[in-house]
Structures are given as C-alpha cells and as structure tokens.
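Structure file run-v6.csv (CSV, C-alpha atoms and all ligand atoms) is printed below.
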```csv
chain,number,residue,atom,x,y,z
C,8,MET,CA,193.3,64.0,-130.8
C,9,LEU,CA,190.3,66.3,-130.3
C,10,GLU,CA,188.1,65.0,-133.2
C,11,VAL,CA,184.6,63.7,-132.2
C,12,ASN,CA,181.8,62.1,-134.1
C,13,LEU,CA,178.4,62.9,-132.7
C,14,SER,CA,176.0,60.5,-134.4
C,15,GLY,CA,177.5,61.2,-137.8
C,16,LEU,CA,178.3,64.9,-137.2
C,17,LYS,CA,182.1,64.9,-137.4
C,18,LEU,CA,183.8,67.8,-135.6
C,19,LYS,CA,187.5,68.9,-135.5
C,20,SER,CA,187.1,69.7,-131.8
C,21,PRO,CA,184.6,68.9,-129.1
C,22,ILE,CA,183.9,72.5,-128.1
C,23,ILE,CA,180.6,73.9,-129.6
C,24,LEU,CA,179.2,77.3,-129.2
C,25,ALA,CA,176.0,77.1,-127.1
C,26,SER,CA,172.7,78.5,-128.4
C,27,GLY,CA,171.8,82.1,-127.8
C,28,ILE,CA,175.2,83.4,-126.8
C,29,LEU,CA,176.6,85.3,-129.8
C,30,GLY,CA,173.6,86.4,-131.8
C,31,VAL,CA,173.0,84.9,-135.1
C,32,SER,CA,175.4,86.7,-137.4
C,33,PHE,CA,178.0,85.0,-139.6
C,34,SER,CA,180.8,87.2,-138.3
C,35,SER,CA,180.4,86.1,-134.7
C,36,MET,CA,180.1,82.4,-135.7
C,37,LYS,CA,183.3,82.7,-137.7
C,38,ARG,CA,185.2,84.2,-134.7
C,39,VAL,CA,184.3,81.1,-132.6
C,40,ILE,CA,185.4,78.7,-135.3
C,41,ASP,CA,188.7,80.6,-135.8
C,42,ALA,CA,189.3,80.3,-132.1
C,43,GLY,CA,189.1,76.5,-132.4
C,44,ALA,CA,185.4,75.5,-131.9
C,45,GLY,CA,184.2,72.4,-133.8
C,46,ALA,CA,180.7,73.8,-134.5
C,47,VAL,CA,178.4,76.6,-133.7
C,48,THR,CA,174.8,76.5,-132.5
C,49,THR,CA,172.5,79.4,-133.5
C,50,LYS,CA,170.2,81.2,-131.1
C,51,SER,CA,166.9,79.4,-131.0
C,52,ILE,CA,164.9,80.2,-134.1
C,53,GLY,CA,161.1,80.1,-134.2
C,54,PRO,CA,158.5,80.4,-136.9
C,55,LYS,CA,158.1,84.2,-136.6
C,56,PRO,CA,160.2,87.2,-135.6
C,57,ARG,CA,160.0,87.7,-131.8
C,58,LYS,CA,161.2,90.7,-129.8
C,59,GLY,CA,161.8,89.1,-126.4
C,60,TYR,CA,161.6,90.8,-123.1
C,61,LYS,CA,162.6,94.4,-122.3
C,62,ASN,CA,165.9,95.3,-120.6
C,63,PRO,CA,167.3,94.5,-118.1
C,64,SER,CA,167.3,91.0,-119.6
C,65,ILE,CA,170.8,89.9,-118.7
C,66,ILE,CA,172.7,90.6,-115.4
C,67,GLU,CA,175.8,89.3,-113.8
C,68,ILE,CA,174.9,88.3,-110.3
C,69,TYR,CA,178.2,86.8,-109.1
C,70,PRO,CA,181.5,87.0,-111.0
C,71,GLY,CA,181.1,84.7,-114.0
C,72,THR,CA,177.5,83.8,-113.1
C,73,PHE,CA,174.6,85.4,-115.0
C,74,MET,CA,170.8,85.5,-115.1
C,75,ASN,CA,169.0,86.2,-118.3
C,76,SER,CA,165.4,86.4,-119.6
C,77,VAL,CA,166.0,87.1,-123.3
C,78,GLY,CA,162.7,85.4,-124.0
C,79,LEU,CA,163.7,83.7,-127.3
C,80,ALA,CA,164.2,86.9,-129.2
C,81,ASN,CA,165.0,85.9,-132.8
C,82,PRO,CA,164.4,87.0,-136.4
C,83,GLY,CA,162.2,84.1,-137.4
C,84,ILE,CA,163.2,81.2,-139.7
C,85,ASP,CA,162.2,82.8,-143.0
C,86,GLU,CA,164.5,85.8,-142.3
C,87,PHE,CA,167.2,83.6,-140.9
C,88,ILE,CA,167.5,81.3,-144.0
C,89,SER,CA,169.9,83.8,-145.7
C,90,GLU,CA,172.1,83.8,-142.5
C,91,ILE,CA,172.3,80.0,-142.6
C,92,LYS,CA,173.3,80.1,-146.2
C,93,GLU,CA,175.9,82.7,-145.6
C,94,ILE,CA,177.4,80.7,-142.7
C,95,LYS,CA,177.4,77.5,-144.8
C,96,LYS,CA,179.1,79.3,-147.7
C,97,HIS,CA,182.1,79.4,-145.4
C,98,ASN,CA,181.9,75.7,-144.4
C,99,ILE,CA,181.2,76.4,-140.8
C,100,PRO,CA,179.6,73.3,-139.1
C,101,LEU,CA,176.2,74.6,-138.1
C,102,ILE,CA,173.7,73.4,-135.6
C,103,VAL,CA,170.4,75.3,-135.9
C,104,SER,CA,168.4,75.5,-132.6
C,105,VAL,CA,164.7,75.5,-133.2
C,106,PHE,CA,161.6,76.0,-131.2
C,107,GLY,CA,157.8,76.2,-131.7
C,108,ASP,CA,154.6,75.7,-129.9
C,109,THR,CA,153.3,72.6,-131.7
C,110,LYS,CA,155.1,69.6,-133.3
C,111,GLU,CA,154.0,70.9,-136.7
C,112,VAL,CA,155.7,74.3,-136.1
C,113,TYR,CA,158.9,72.6,-134.8
C,114,LEU,CA,159.0,70.5,-137.9
C,115,ASP,CA,158.3,73.4,-140.2
C,116,VAL,CA,161.2,75.5,-138.7
C,117,ALA,CA,163.5,72.4,-138.7
C,118,ILE,CA,162.8,71.4,-142.3
C,119,LYS,CA,163.5,75.0,-143.5
C,120,ALA,CA,166.8,75.0,-141.6
C,121,GLU,CA,167.7,71.6,-143.0
C,122,LYS,CA,166.9,72.7,-146.6
C,123,ALA,CA,169.0,75.9,-146.1
C,124,GLY,CA,172.1,73.8,-145.3
C,125,ALA,CA,172.2,73.2,-141.5
C,126,ASP,CA,174.4,70.2,-140.4
C,127,ALA,CA,172.2,69.3,-137.4
C,128,ILE,CA,169.1,70.4,-135.6
C,129,GLU,CA,168.9,71.1,-131.9
C,130,MET,CA,165.4,71.1,-130.4
C,131,ASN,CA,165.0,73.7,-127.6
C,132,ILE,CA,162.4,72.2,-125.3
C,133,SER,CA,163.9,73.8,-122.3
C,134,CYS,CA,164.0,77.5,-122.1
C,135,PRO,CA,163.0,78.3,-118.4
C,136,HIS,CA,161.3,81.6,-119.1
C,137,ALA,CA,159.3,80.8,-122.3
C,138,GLU,CA,156.4,78.5,-123.1
C,139,VAL,CA,158.6,75.8,-124.7
C,140,ALA,CA,159.7,74.8,-121.2
C,141,SER,CA,156.4,73.0,-120.8
C,142,ILE,CA,157.4,70.4,-123.4
C,143,GLY,CA,160.7,69.6,-121.7
C,144,ILE,CA,159.0,68.8,-118.4
C,145,ASP,CA,156.7,66.2,-120.0
C,146,LYS,CA,158.2,62.9,-121.1
C,147,ASP,CA,155.2,61.8,-123.3
C,148,LEU,CA,155.2,65.2,-125.1
C,149,THR,CA,159.0,65.0,-125.5
C,150,TYR,CA,158.7,61.5,-127.0
C,151,GLU,CA,155.9,62.5,-129.3
C,152,ILE,CA,157.6,65.6,-130.7
C,153,VAL,CA,161.0,64.0,-131.1
C,154,LYS,CA,159.5,61.0,-132.9
C,155,PHE,CA,157.5,63.2,-135.2
C,156,LEU,CA,160.6,65.2,-136.2
C,157,LYS,CA,162.8,62.2,-136.6
C,158,GLU,CA,160.4,60.6,-139.1
C,159,LYS,CA,160.7,63.6,-141.4
C,160,LEU,CA,164.3,64.9,-140.9
C,161,THR,CA,167.4,63.4,-142.3
C,162,LEU,CA,169.9,65.5,-140.2
C,163,PRO,CA,171.1,64.5,-136.7
C,164,LEU,CA,168.6,65.7,-134.1
C,165,PHE,CA,169.8,66.8,-130.6
C,166,VAL,CA,167.4,67.6,-127.8
C,167,LYS,CA,168.3,70.3,-125.3
C,168,LEU,CA,167.2,69.3,-121.9
C,169,ASN,CA,165.5,71.3,-119.2
C,170,PRO,CA,167.2,70.9,-115.8
C,171,ASN,CA,164.2,72.3,-114.0
C,172,VAL,CA,162.5,68.9,-113.7
C,173,THR,CA,162.3,66.3,-110.9
C,174,CYS,CA,163.9,63.6,-113.1
C,175,ILE,CA,165.9,64.7,-116.1
C,176,ALA,CA,166.7,61.0,-116.9
C,177,GLU,CA,163.1,60.2,-117.8
C,178,ILE,CA,162.9,63.1,-120.2
C,179,ALA,CA,166.2,62.2,-121.8
C,180,PHE,CA,165.2,58.6,-122.1
C,181,ALA,CA,161.9,59.7,-123.8
C,182,ALA,CA,164.0,61.7,-126.3
C,183,GLU,CA,166.2,58.7,-127.0
C,184,ARG,CA,163.2,56.4,-127.4
C,185,GLY,CA,161.8,59.0,-129.8
C,186,GLY,CA,164.9,58.6,-131.9
C,187,ALA,CA,167.1,61.6,-130.8
C,188,ASP,CA,170.7,61.4,-131.9
C,189,GLY,CA,172.0,63.1,-128.8
C,190,VAL,CA,171.0,65.3,-125.9
C,191,VAL,CA,172.4,68.6,-124.7
C,192,ALA,CA,172.5,68.9,-120.9
C,193,ILE,CA,171.7,71.5,-119.7
C,194,ASN,CA,169.8,74.7,-120.4
C,195,THR,CA,169.7,77.4,-117.7
C,196,LEU,CA,168.3,76.9,-114.2
C,197,SER,CA,165.2,78.8,-113.3
C,198,ALA,CA,166.1,81.5,-110.8
C,199,LEU,CA,165.0,84.8,-109.3
C,200,LYS,CA,167.0,87.8,-108.1
C,201,ILE,CA,165.3,90.6,-106.2
C,202,ASP,CA,166.4,94.2,-105.7
C,203,VAL,CA,166.1,94.8,-101.9
C,204,ASN,CA,165.6,98.5,-102.3
C,205,THR,CA,162.8,98.5,-104.9
C,206,LYS,CA,161.6,95.1,-103.8
C,207,ASN,CA,161.1,94.2,-107.5
C,208,PRO,CA,162.7,91.4,-109.4
C,209,ILE,CA,165.8,92.8,-111.2
C,210,LEU,CA,165.0,91.3,-114.6
C,211,SER,CA,162.2,92.9,-116.4
C,212,HIS,CA,160.5,89.5,-116.9
C,213,GLY,CA,160.8,88.7,-113.2
C,214,SER,CA,162.5,85.3,-113.1
C,215,GLY,CA,165.2,84.2,-115.5
C,216,GLY,CA,167.7,81.4,-116.3
C,217,LEU,CA,170.9,81.0,-114.3
C,218,SER,CA,174.0,80.3,-116.4
C,219,GLY,CA,177.8,80.5,-116.0
C,220,LYS,CA,180.3,79.3,-113.3
C,221,ALA,CA,177.7,78.5,-110.6
C,222,ILE,CA,175.8,75.9,-112.6
C,223,HIS,CA,178.8,73.8,-113.7
C,224,PRO,CA,178.8,71.2,-110.9
C,225,ILE,CA,175.0,70.8,-111.4
C,226,ALA,CA,175.5,70.3,-115.1
C,227,VAL,CA,178.3,67.7,-114.5
C,228,LYS,CA,176.0,65.8,-112.1
C,229,LYS,CA,173.2,65.7,-114.8
C,230,VAL,CA,175.6,64.4,-117.4
C,231,TYR,CA,176.9,61.8,-114.9
C,232,GLU,CA,173.3,60.6,-114.3
C,233,LEU,CA,172.4,60.5,-118.0
C,234,PHE,CA,175.5,58.5,-118.9
C,235,LYS,CA,174.2,55.7,-116.8
C,236,ILE,CA,171.1,55.2,-118.8
C,237,LEU,CA,171.5,56.6,-122.3
C,238,LYS,CA,173.1,55.1,-125.4
C,239,ILE,CA,173.1,58.3,-127.5
C,240,PRO,CA,175.8,60.9,-127.0
C,241,ILE,CA,175.5,63.6,-124.3
C,242,ILE,CA,176.7,67.1,-125.0
C,243,GLY,CA,177.6,68.7,-121.7
C,244,CYS,CA,176.7,72.4,-121.3
C,245,GLY,CA,176.8,74.7,-118.3
C,246,GLY,CA,179.4,76.9,-116.7
C,247,ILE,CA,182.4,76.0,-118.7
C,248,ASP,CA,185.1,78.5,-117.9
C,249,SER,CA,188.4,76.5,-118.1
C,250,TRP,CA,189.8,73.4,-119.7
C,251,GLN,CA,189.4,71.5,-116.4
C,252,ASP,CA,185.6,72.1,-116.7
C,253,VAL,CA,185.6,70.4,-120.1
C,254,ILE,CA,187.6,67.5,-118.8
C,255,GLU,CA,185.1,67.0,-115.9
C,256,PHE,CA,182.2,66.8,-118.4
C,257,PHE,CA,184.0,64.1,-120.4
C,258,LEU,CA,184.9,62.1,-117.3
C,259,ALA,CA,181.2,62.3,-116.3
C,260,GLY,CA,180.3,60.9,-119.7
C,261,ALA,CA,180.0,63.7,-122.2
C,262,SER,CA,180.9,63.2,-125.9
C,263,ALA,CA,181.2,66.9,-126.6
C,264,VAL,CA,180.5,70.2,-124.8
C,265,GLN,CA,179.0,73.5,-125.4
C,266,ILE,CA,180.3,76.8,-124.1
C,267,GLY,CA,178.1,79.9,-123.5
C,268,THR,CA,178.4,82.5,-120.8
C,269,ALA,CA,182.2,82.4,-120.5
C,270,LEU,CA,182.4,83.9,-123.9
C,271,TYR,CA,181.5,87.3,-122.5
C,272,LYS,CA,185.3,87.5,-121.9
C,273,GLY,CA,186.0,87.0,-125.6
C,274,THR,CA,186.6,84.0,-127.9
C,275,ALA,CA,190.2,83.6,-126.9
C,276,ILE,CA,189.0,81.4,-124.0
C,277,ILE,CA,188.2,78.7,-126.6
C,278,THR,CA,191.8,78.6,-127.7
C,279,GLU,CA,193.0,78.5,-124.1
C,280,ILE,CA,190.6,75.6,-123.4
C,281,ILE,CA,191.8,73.7,-126.4
C,282,ASN,CA,195.4,74.1,-125.5
C,283,GLY,CA,194.7,73.0,-121.9
C,284,ILE,CA,192.8,69.9,-123.0
C,285,THR,CA,195.5,68.9,-125.5
C,286,GLN,CA,198.2,69.3,-122.9
C,287,TYR,CA,196.2,67.2,-120.3
C,288,LEU,CA,195.7,64.4,-122.8
C,289,LYS,CA,199.4,64.4,-123.7
C,290,ASP,CA,200.5,64.5,-120.0
C,291,ASN,CA,198.3,61.6,-119.3
C,292,SER,CA,199.3,59.6,-122.4
C,293,TYR,CA,195.8,59.6,-124.0
C,294,THR,CA,195.6,59.7,-127.8
C,295,SER,CA,192.0,60.9,-128.0
C,296,ILE,CA,189.6,62.9,-126.0
C,297,THR,CA,187.1,60.1,-126.3
C,298,ASP,CA,189.5,57.8,-124.3
C,299,ILE,CA,188.5,59.7,-121.1
C,300,LYS,CA,184.7,59.6,-121.7
C,301,GLY,CA,182.9,58.3,-118.6
C,302,LEU,CA,186.0,57.3,-116.7
C,303,THR,CA,184.7,58.5,-113.4
C,304,HIS,CA,182.0,55.8,-113.6
C,305,GLN,CA,184.8,53.3,-113.0
C,306,VAL,CA,185.3,54.7,-109.5
C,307,LYS,CA,183.1,53.1,-106.9
C,308,THR,CA,181.6,55.9,-104.8
C,309,GLN,CA,181.0,55.3,-101.1
C,310,GLU,CA,177.7,53.5,-100.2
C,311,VAL,CA,175.5,55.1,-97.6
C,312,PRO,CA,176.7,53.5,-94.4
C,313,ASP,CA,174.3,51.2,-92.5
C,314,PHE,CA,172.9,52.3,-89.2
C,315,ASP,CA,173.7,50.0,-86.3
O,1,LIG,C1,171.9,85.4,-122.9
O,1,LIG,C2,171.6,83.9,-123.1
O,1,LIG,C3,170.7,83.6,-124.1
O,1,LIG,C4,170.4,82.2,-124.3
O,1,LIG,N1,169.6,81.8,-125.3
O,1,LIG,C5,169.3,80.5,-125.6
O,1,LIG,C6,168.6,80.1,-126.7
O,1,LIG,O1,168.1,80.9,-127.5
O,1,LIG,N2,168.3,78.8,-126.8
O,1,LIG,C7,168.8,77.8,-126.0
O,1,LIG,O2,168.6,76.6,-126.1
O,1,LIG,N3,169.6,78.2,-124.9
O,1,LIG,C8,169.9,79.5,-124.7
O,1,LIG,N4,170.7,79.9,-123.7
O,1,LIG,C9,171.2,78.8,-122.8
O,1,LIG,C10,172.7,78.5,-123.2
O,1,LIG,O3,172.7,77.9,-124.5
O,1,LIG,C11,173.3,77.4,-122.2
O,1,LIG,O4,172.5,76.3,-122.2
O,1,LIG,C12,173.3,77.9,-120.8
O,1,LIG,O5,173.6,79.3,-120.7
O,1,LIG,C13,174.3,77.2,-119.9
O,1,LIG,O6,175.6,77.2,-120.5
O,1,LIG,P1,176.7,78.3,-120.0
O,1,LIG,O7,176.7,78.3,-118.5
O,1,LIG,O8,178.0,77.9,-120.6
O,1,LIG,O9,176.2,79.7,-120.5
O,1,LIG,C14,171.0,81.2,-123.4
O,1,LIG,C15,171.9,81.6,-122.4
O,1,LIG,C16,172.2,83.0,-122.2
O,1,LIG,C17,173.1,83.3,-121.1
```
Show me the file's structure as structure tokens.
Ligand SMILES: Cc1cc2nc3c(=O)[nH]c(=O)nc-3n(C[C@H](O)[C@H](O)[C@H](O)COP(=O)(O)O)c2cc1C
Amino acid sequence: MLEVNLSGLKLKSPIILASGILGVSFSSMKRVIDAGAGAVTTKSIGPKPRKGYKNPSIIEIYPGTFMNSVGLANPGIDEFISEIKEIKKHNIPLIVSVFGDTKEVYLDVAIKAEKAGADAIEMNISCPHAEVASIGIDKDLTYEIVKFLKEKLTLPLFVKLNPNVTCIAEIAFAAERGGADGVVAINTLSALKIDVNTKNPILSHGSGGLSGKAIHPIAVKKVYELFKILKIPIIGCGGIDSWQDVIEFFLAGASAVQIGTALYKGTAIITEIINGITQYLKDNSYTSITDIKGLTHQVKTQEVPDFD
C-alpha cells in the first residue's frame, strides 16, 4: 500500500529522512528506518571536511518552526565513505546528498558515494546560507551540472531545489532537461531573526534557513506548481509534522516526501505518520498511496472574476 518507485529506487514507504537532520551516523539512520521510513538522506557531503558556522546555529523561533545556519558542516567524502559502507552493510536504502563548488567537484563526490554503495544521489544546489545556493538560482548552470553528472553516474539523481527564487519551475525544468530522475522541493527559506535587545541577528551567521511547520503550505504550493510541468517524480519536503501534511503533498503531486525538522520530537513521529496515512487510504478505499497523487489538480479552482 505504501510502496513507491522513484525512477527505479524502490522504497517500502514514501517517507524519507531529509538531508542534514540526524547527522551522518549509522545508528541514527537505523532508528529512522526502524520507525518505518523508506530511505534516509545523508547530510550534504562535500569534497573536504568543513566545520560550518559557530553557535548559535539552530534556534526554534515559533513552536515547531526553526531557523538554522549550520553552513554545510560535514566530514568530507573521503572520511564519509566508511560510514556509507557501514550503513549499506545493514541494507538501509541510502541517498547521499552531495555538494561542491564546480561540476567536477560535484561529480568527484558523487562518484565516490556511488562506488561506496549509495542507492541514489541528491544534488544540493540550494542551501540558502552557503555558496551552493548560487547554482540553484541559475537555470543554465543547473542544466549544465545535472547533465554533466548524469552522463557519468549510473544511480538515480535527484536535485534539491532552492525555494528562494522567482520561478522554481524554470530551475526544476532545467534539471529535468539535464536528465534528473527527480526533484526535491524544497530546501529551507532564507530568513533573518533579530534580537531586539542586542540589535544583532540571533544566528551567528546572520541569516539562516527557515524550516518546520511554518513552511509547509509554501512547500505544498511549490509541489503543486511543479506537478503541472514536470514528468519526473517530485519529492515533497518542508514542514511535515503529521500524516495530513504528507497526504497534502501527495494530493499536490508528490511521489514521496522527506521529513526533517519534526524529528526533533523523536523518530516515533514517523510511525505515527505511517499509521495515519495507512488508515486514511483504507478509510477512502485506496489500495496504494500513488492513487492519490495529484488529485487536487482535478479540482477547478476559481478564476479571477472579471471587472464590470
Ligand atoms: C539543522 C538543519 C540542517 C540541514 N542541513 C541540510 C543539508 O546538509 N543539506 C540539505 O540539502 N538540506 C539541509 N537541510 C534542509 C532540510 O533537508 C529540509 O529541506 C528543510 O529543513 C525543510 O524540511 P523540514 O521543514 O521538514 O525540516 C537542513 C535543515 C536543518 C533544519
């Protein structure tokens, strides 16, 4: 009932751990799978170890809504290879998120991840507080890098989109033309929170990325827009906190979803979501989660009324 096939990546459930949420260790990945997730995505991994920004780098600004500027802290691909191998020893479906500053660097990191046993590659071209954001705002650069990677990789390649653009559809379309096997919508939204007493930004980096509850309706709208123009699967991501949030993503056109921030409450939320989705499908006499994909597009929304 919950199985999905994302361009050849077959998952037992459509819930995937979002990148950067639970570190990179095997033990945290296993907890997520045991709770019912179909796959895990690693933190974004680059060519070299990177420390990231100083604390405070994560804050909760409203209940369930966070801002972070972790700054792509990661151990570097060479160090991370042993972790990939360890995760794969236990047969955990693994998506490795990669980043770099040139197409050659992206490819080098992705090829190393592929050789180490990853099941799919996610290209992070979208972190709002790091230099990779500049790729995800340029459709020509997106097309060029995706095409370059697809020519050399055999694994499915997903492209994680930056919502901080005027037209997300043109970037997604460029990724599809370049050969991407799917897109992930969305990464965090660029945001700033100021301490009124010190008059300084609260995060050490200044601005950061907004995630969690508040961004869910924005992410659903992006998935809805993308479903109208893309042929490749869309993985909905942003603000999932309940089974209803997942159903909304599917109705808007998602083929799978990623969950991030809500895991601060623990991995049991994944099991609750899976139980909720299963019950919803049974109650509405659907046999598969894919039966509800894009259904909201059948509803004709009201046209802008003419002026007299
Ligand atoms: C602390 C933190 C670290 C993150 N690190 C990454 C990362 O390394 N790579 C990436 O593509 N997205 C990263 N993200 C973005 C999430 O994967 C996700 O796209 C975003 O948080 C929206 O989903 P959510 O509202 O369910 O958290 C990070 C988010 C948070 C909160």
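Atom pair CA of Tyr231 (chain C) / CA of Val190 (chain C): separated by 13.0 Å.
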Practice item. Write out as a PyMOL selection string each polymer residue (protein, DNA or RNA) that has an atom no more than 6 Å from ligand LIG 1 (chain O), with only C-alpha atoms and all ligand atoms counted. Key: chain C and resi 25-28+50-51+75+77+79+131+193-195+218-219+244-247+266-268
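Considering all atoms listed in the file, the residue among C:Phe73, C:Pro54, C:Ser211, C:Ala181 positioned nearest to Asp108 (chain C) is C:Pro54.
Nearest to Lys157 (chain C) of all the residues C:Glu93, C:Glu183, C:Asp85, C:Asp298 is C:Glu183, based on only C-alpha atoms.
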Contact check, region 45-65 of chain C to region 115-126 of chain C, at most 10 Å, counting all atoms listed in the file, closest pairs as JSON lines:
```
{"residue": "C:Ala46", "atom": "CA", "partner": "C:Asp126", "partner_atom": "CA", "distance": 9.4}
{"residue": "C:Thr48", "atom": "CA", "partner": "C:Ala125", "partner_atom": "CA", "distance": 9.9}
{"residue": "C:Ile52", "atom": "CA", "partner": "C:Val116", "partner_atom": "CA", "distance": 7.5}
{"residue": "C:Gly53", "atom": "CA", "partner": "C:Val116", "partner_atom": "CA", "distance": 6.4}
{"residue": "C:Pro54", "atom": "CA", "partner": "C:Val116", "partner_atom": "CA", "distance": 5.9}
{"residue": "C:Lys55", "atom": "CA", "partner": "C:Val116", "partner_atom": "CA", "distance": 9.5}
```
Check your understanding: What is the CA of Ile99 (chain C) to CA of Ile281 (chain C) distance in Å?
Key -> 18.1 Å
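Applying the 12 Å criterion to (177.4, 89.6, -110.1) in file coordinates and using only C-alpha atoms, one obtains the residues C:Ile65, C:Ile66, C:Glu67, C:Ile68, C:Tyr69, C:Pro70, C:Gly71, C:Thr72, C:Phe73, C:Met74, C:Lys200, C:Leu217, C:Ser218, C:Gly219, C:Lys220, C:Ala221.
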**Study point:** Shell of 10 Å around Ile201 (chain C), all atoms listed in the file, local chain residues under 4 positions omitted, as a PyMOL selection string
**Key:** chain C and resi 205-210+213-214
If you keep C-alpha atoms, can you produce a file of those selected residues as a PDB file, in the frame of the given file?
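So result_1.pdb came out as:
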```
ATOM      1  CA  THR C 205     162.800  98.500-104.900  1.00  0.00           C
ATOM      2  CA  LYS C 206     161.600  95.100-103.800  1.00  0.00           C
ATOM      3  CA  ASN C 207     161.100  94.200-107.500  1.00  0.00           C
ATOM      4  CA  PRO C 208     162.700  91.400-109.400  1.00  0.00           C
ATOM      5  CA  ILE C 209     165.800  92.800-111.200  1.00  0.00           C
ATOM      6  CA  LEU C 210     165.000  91.300-114.600  1.00  0.00           C
ATOM      7  CA  GLY C 213     160.800  88.700-113.200  1.00  0.00           C
ATOM      8  CA  SER C 214     162.500  85.300-113.100  1.00  0.00           C
TER       9      SER C 214
END
```
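Comparing C:Met130, C:Ile23, C:Val230, C:Ile94 by their smallest distance to Val11 (chain C), the closest is C:Ile23 (using only C-alpha atoms).
Reported to one decimal place, the separation of CA of Gly186 (chain C) from CA of Ser262 (chain C) is 17.7 Å.
Remark: for Ile296 (chain C), the closest of the candidate residues C:Ser20, C:Thr109, C:Asn169, C:Ser34 is C:Ser20 (distances computed over only C-alpha atoms).
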Check your understanding: Within 12 Å of Val227 (chain C), counting all atoms listed in the file, which residues qualify if same-chain residues fewer than 2 places away don't, as a count of residues only?
Key -> 37
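Using only C-alpha atoms, the residues found no farther than 12 Å from Leu288 (chain C), other than those of its own chain fewer than 2 positions away, are C:Met8, C:Leu9, C:Trp250, C:Gln251, C:Ile254, C:Phe257, C:Ile281, C:Asn282, C:Gly283, C:Ile284, C:Thr285, C:Gln286, C:Asp290, C:Asn291, C:Ser292, C:Tyr293, C:Thr294, C:Ser295, C:Ile296, C:Thr297, C:Asp298, C:Ile299.
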